[in-house]
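Let me begin by presenting the structure, written as structure tokens, before commenting on it.
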Amino acid sequence: MADSHEPPSPSVSRDWFFPVPSPSFIHSHSHSHSHRHHLHKPPARRFSTATSSSSHRDLKYAGFRRRTSFSRQTHIPPTPEVDNSSHPDQVSPKNEVLDDKTSSSNKFTSGRLKLRWQMAFLVAVMITTFSSLLHKNISLHNQTSDLQAQIAKLNGRLQACNLLQPVDLDDQDPQESVQIPNKRLKNISLILSVTIFSIPFLFLKYVEYISKSRSPDNLKDEASLNKRIAYKVDVFLSVRPYSKPLALLVATLLLIGVGGLALFGVTDDSLADCLWLSWTYVADSGNHANSEGVGPRLVSVSISFGGMLIFAMMLGLVTDAISEKFDSLRKGRSEVVKKDHKLILGWSDKLGSLLNQLAIANESLGGGIVVVMAERDKEEMELDIAKMEFDFRETSVICRSGSPLILADLKKVSVSKARAIIVLAEDGNADQSDARALRTVLSLTGVKDGLRGHIVVELGDLDNEVLVKLVGGDLVETVVAHDVIGRLMIQCARQPGLAQVWEDILGFENCEFYIKRWPQLDGMPFEDVLISFPDAIPCGVKSVSCGGKIILNPDESYILQEGDEVLVIAEDDDTYAPVPLPMVRRGKLPKASFVPNSLEKILLCGWRRDIEDMIMVLDAFLAPGSELWMFNEVIEGVREQKLIDGGLDIERLMNITLVHREGNAVIRRHLESLPLESFDSILILADESVEDSAIQADSRSLATLLLIRDIQAKRLPYREAKASHGRKGSFSQGSWIGEMQQASDKSVIISEILDPRTKNLLSMSRISDYVLSNELVSMALAMVAEDRQINDVLEELFAEEGNEMHIRQADLYIKEGEELSFYEILLRARQRREIVIGYRSGNVEKAVINPPGKMEKRRWSVKDVFVVIAEKE
């Protein structure tokens with residue numbers, strides 16, 4: 001029955017799956033036509049067991065899977081006959097896919113093997129050619145050496161037989177005598193050089209062989225050996241700072257050594273000469289042009305090629321190092337090698353004023369060094385500092401990029417050698433800024449080498465001062481800027497002109513506080529000390545008996561003890577000295593009539609973070625029944641809740657009544673709803689919503705000021721403006737600025753200014769007083785950085801208790817037209833427990849602090865005012 005079946009056609013029986021057997025295979029393994037027909041016999045059953053089908057499939061494609069070993073097979077076992085009833089042409093699709101994958105895989109493996117054998121054959125031919133050339137060169141060299149040795153022996157024999165003339169032997173140049181080289185040593189050196197040169201390639205091939213010989217299961221769990229070696233090399237080159245130059249040096253020495261050995265093996269020179277020649281080939285690739293012979297030329301070319309690679313890598317390393325150095329200098333990564341410098345950590349709008357004050361303070365010393373480190377780009381910081389409109393007065397400003405929270409960055413700016421460290425508060429939320437300042441203080445206290453100078457920290461909230469001092473200890477001096485400015489604005493609103501006095505005292509341009517010991521004043525009463533300095537005004541004493549505490553405005557009975565220091569207001573620390581006690585007449589004060597505090601009506605425009613503290617201070621100063629109007633954009637319900645959260649108990653206010661109005665201070669119709677002509681004082685605050693931008697806050701304050709003054713000028717009758725009380729200026733009374741100046745006689749407006757450039761607009765128009773909050777804080781920071789003892793004086797002057805600055809009317813000390821010297825007025829003020837530090841004439845705008853000519857008499861007027869330090873009322 002099997003014979004009756006016709007063999008299937010090639011297109012149906014899929015004979016194209018099978019490779020064509022080679023002739024040798026057909027000759028050694030011939031089979032009958034029936035057997036071949038039996039292989040393609042259709043199965044008798046449609047379904048069969050898994051074992052029979054798998055066995056049939058394996059035998060069916062056995063020849064294809066091992067076609068590379070057909071020539072070695074001697075016998076093919078007969079295929080068991082399977083009776084399948086399915087169609088003979090029907091083949092499972094799954095088997096077709098497996099056959100296709102197996103065929104493609106075997107073809108790729110066969111192609112890769114052929115490619116490797118071709119490469120191996122090419123490398124073998126090249127090695128054979130190079131070896132034959134070297135062998136030929138070495139054999140010629142050996143033959144030459146043998147002939148030279150035989151000639152030397154024959155010459156020796158001829159000389160022994162007296163056949164050569166002595167003259168010939170004596171005239172022979174010793175350099176031309178032939179030395180018999182050690183052929184064995186040269187061969188060893190050549191073999192050694194080739195071996196050393198081949199070791200890296202053999203090692204790489206071995207690593208590749210080991211990596212490929214591992215099973216796939218192991219490769220899934222563990223990286224290959226070559227990858228691990230490459231990873232270790234990468235780590236070594238990246239972690240070690242000098243690994244690349246060291247590797248380059250080792251490669252250079254290895255190339256010189258291997259090249260020298262190779263030259264020693266193919267030339268007649270000594271080993272030392274060959275090593276030197278190898279170095280010349282490495283250093284200059286053109287030196288190999290003079291080589292003669294195939295062997296020396298091949299070796300010299302190889303050495304020169306390696307030298308070009310090494311010098312190319314060396315050039316790349318040098319270029320990268322130079323570029324990295326310039327980048328570090330440009331980006332501020334280099335270390336500042338300075339000492340006794342002032343270090344500023346952080347960046348804010350106060351930096352310009354702070355640098356200006358430090359430059360003025362260093363002018364008497366011939367200049368100084370100020371280092372600024374912030375988390376900004378160095379080039380941007382230098383560009384912003386260059387735009388600042390002031391003279392640095394020989395003071396150098398060095399910028400560095402870094403974080404004050406990182407000890408490595410602090411070490412980069414020589415923090416341990418700084419004379420003073422100023423930590424600026426960041427713009428924005430006060431609590432976040434104070435938290436960062438606290439972390440900065442922790443970093444500074446953790447400096448390994450310790451700190452030589454003290455730390456001046458700017459804080460935004462008075463409640464955080466205790467925690468910062470707890471962390472910093474005796475090293476820290478704090479300046480609570482926001483709360484200080486709020487109290488200062490209240491003082492300036494109740495005493496016009498006080499802001500200018502503070503600006504003169506805190507800045508280094510005029511007079512400031514100094515503390516110094518004068519032994520010649522020991523045992524002298526403080527009242528006599530007041531008139532002992534013609535160029536300074538004593539204000540207090542640093543008492544030894546009180547543990548070094550500064551006593552501001554002490555009693556007249558206080559007597560200076562040994563070790564006490566005197567606090568004065570002077571132009572500079574070297575411009576004053578005590579003189580013998582002058583003769584000054586002590587007069588009596590005129591009888592002053594008691595004037596009770598009158599009711600006041602004050603308007604606050606804007607919202608500050610510490611507005612509840614300002615309300616409590618006003619409640620302590622104002623007379624009972626006074627009104628405080630609050631005009632801002634905060635909703636009234638939210639406003640009261642914020643005041644309560646800030647610690648204000650509205651029901652416990654004794655002297656003032658709060659009046660709430662909601663509106664925008666830069667919209668005219670909102671301002672017109674207020675009785676602006678009835679207020680005694682108006683405070684324009686830098687609103688909390690725009691205080692992060694100094695320009696925007698000042699623009700808002702300036703617009704509010706102009707609108708208020710314009711509304712006041714239109715509401716107040718012109719006839720009620722007292723020209724006698726007006727300020728003299730270049731503006732006519734008919735102009736709009738003139739009308740505003742006349743309206744300013746009716747009420748005092750204090751504007752909070754953040755940018756110092758804005759004060760030029762206000763001082764030119766003279767329609768409002770102002771408080772330069774940022775500049776005053778910068779002055780205080782600079783003063784405390786110069787002398788940390790001054791912080792105790794400033795804290796008392798700005799505190800709620802103790803002494804403070806006052807502006808007093810002249811009728812408290814003098815009579816109309818009385819001629820007195822400044823010393824006489826100073827002694828009269830001591831009867832009121834006050835210290836007069838300056839005066840302002842009635843017809844001028846600016847007060848004179850620490851006036852010269854204190855012994856000269858002048859005629860005073862009751863319209864004059866005096867600036868005094870007195871206890872808070």
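Residue names in the structure tokens use chain letters A, B, ... in the order shown, residue numbers from 1 in each chain, and ligand numbers from 1 in the order shown.
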
Quiz item: Near Pro296 of chain A, counting only C-alpha atoms, which residues have an atom at most 10 Å away, once you skip same-chain residues fewer than 2 positions from it, shown as a list of chain:residue names?
Solution: A:Leu134, A:Asn137, A:Ala262, A:Leu263, A:Phe264, A:Gly265, A:Val266, A:Thr267, A:His288, A:Asn290, A:Ser291, A:Glu292, A:Gly293, A:Val294, A:Leu298, A:Val299, A:Ser300, A:Val301, A:Ser302

Write out as a ChimeraX atom specification the residues lying within 12 Å of Val457 of chain A, counting only C-alpha atoms and excluding same-chain residues fewer than 5 positions away.
-> /A:343-346,420-426,433-441,444,464-465,468-469,472,475-481,777-778,780-782,784-785,788,791

- Query: Closest to Asn510 of chain A among A:Gln357, A:Ser689, A:Thr319, A:Asn155, using only C-alpha atoms?
  - Reply: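 That would be A:Gln357, the residue with the smallest distance to Asn510 of chain A.
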
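With atom CA of Leu552 of chain A on one side and atom CA of Met783 of chain A on the other, the separation reads 17.4 Å.
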
Exercise for review: Write out as number ranges by chain each polymer residue whose atoms come within 12 Å of Lys846 of chain A, counting only C-alpha atoms; drop sequence neighbours fewer than 3 positions from it.
Suggested key: A: 496-504, 763, 769, 838-843, 849, 864-867

task: Identify, on the basis of only C-alpha atoms, every residue whose closest approach to Asn356 of chain A does not exceed 7 Å; exclude the query and any residue fewer than 4 positions from it along the same chain; express the result as JSON, numbers by chain.
output: {"A": [352, 360, 390, 392]}
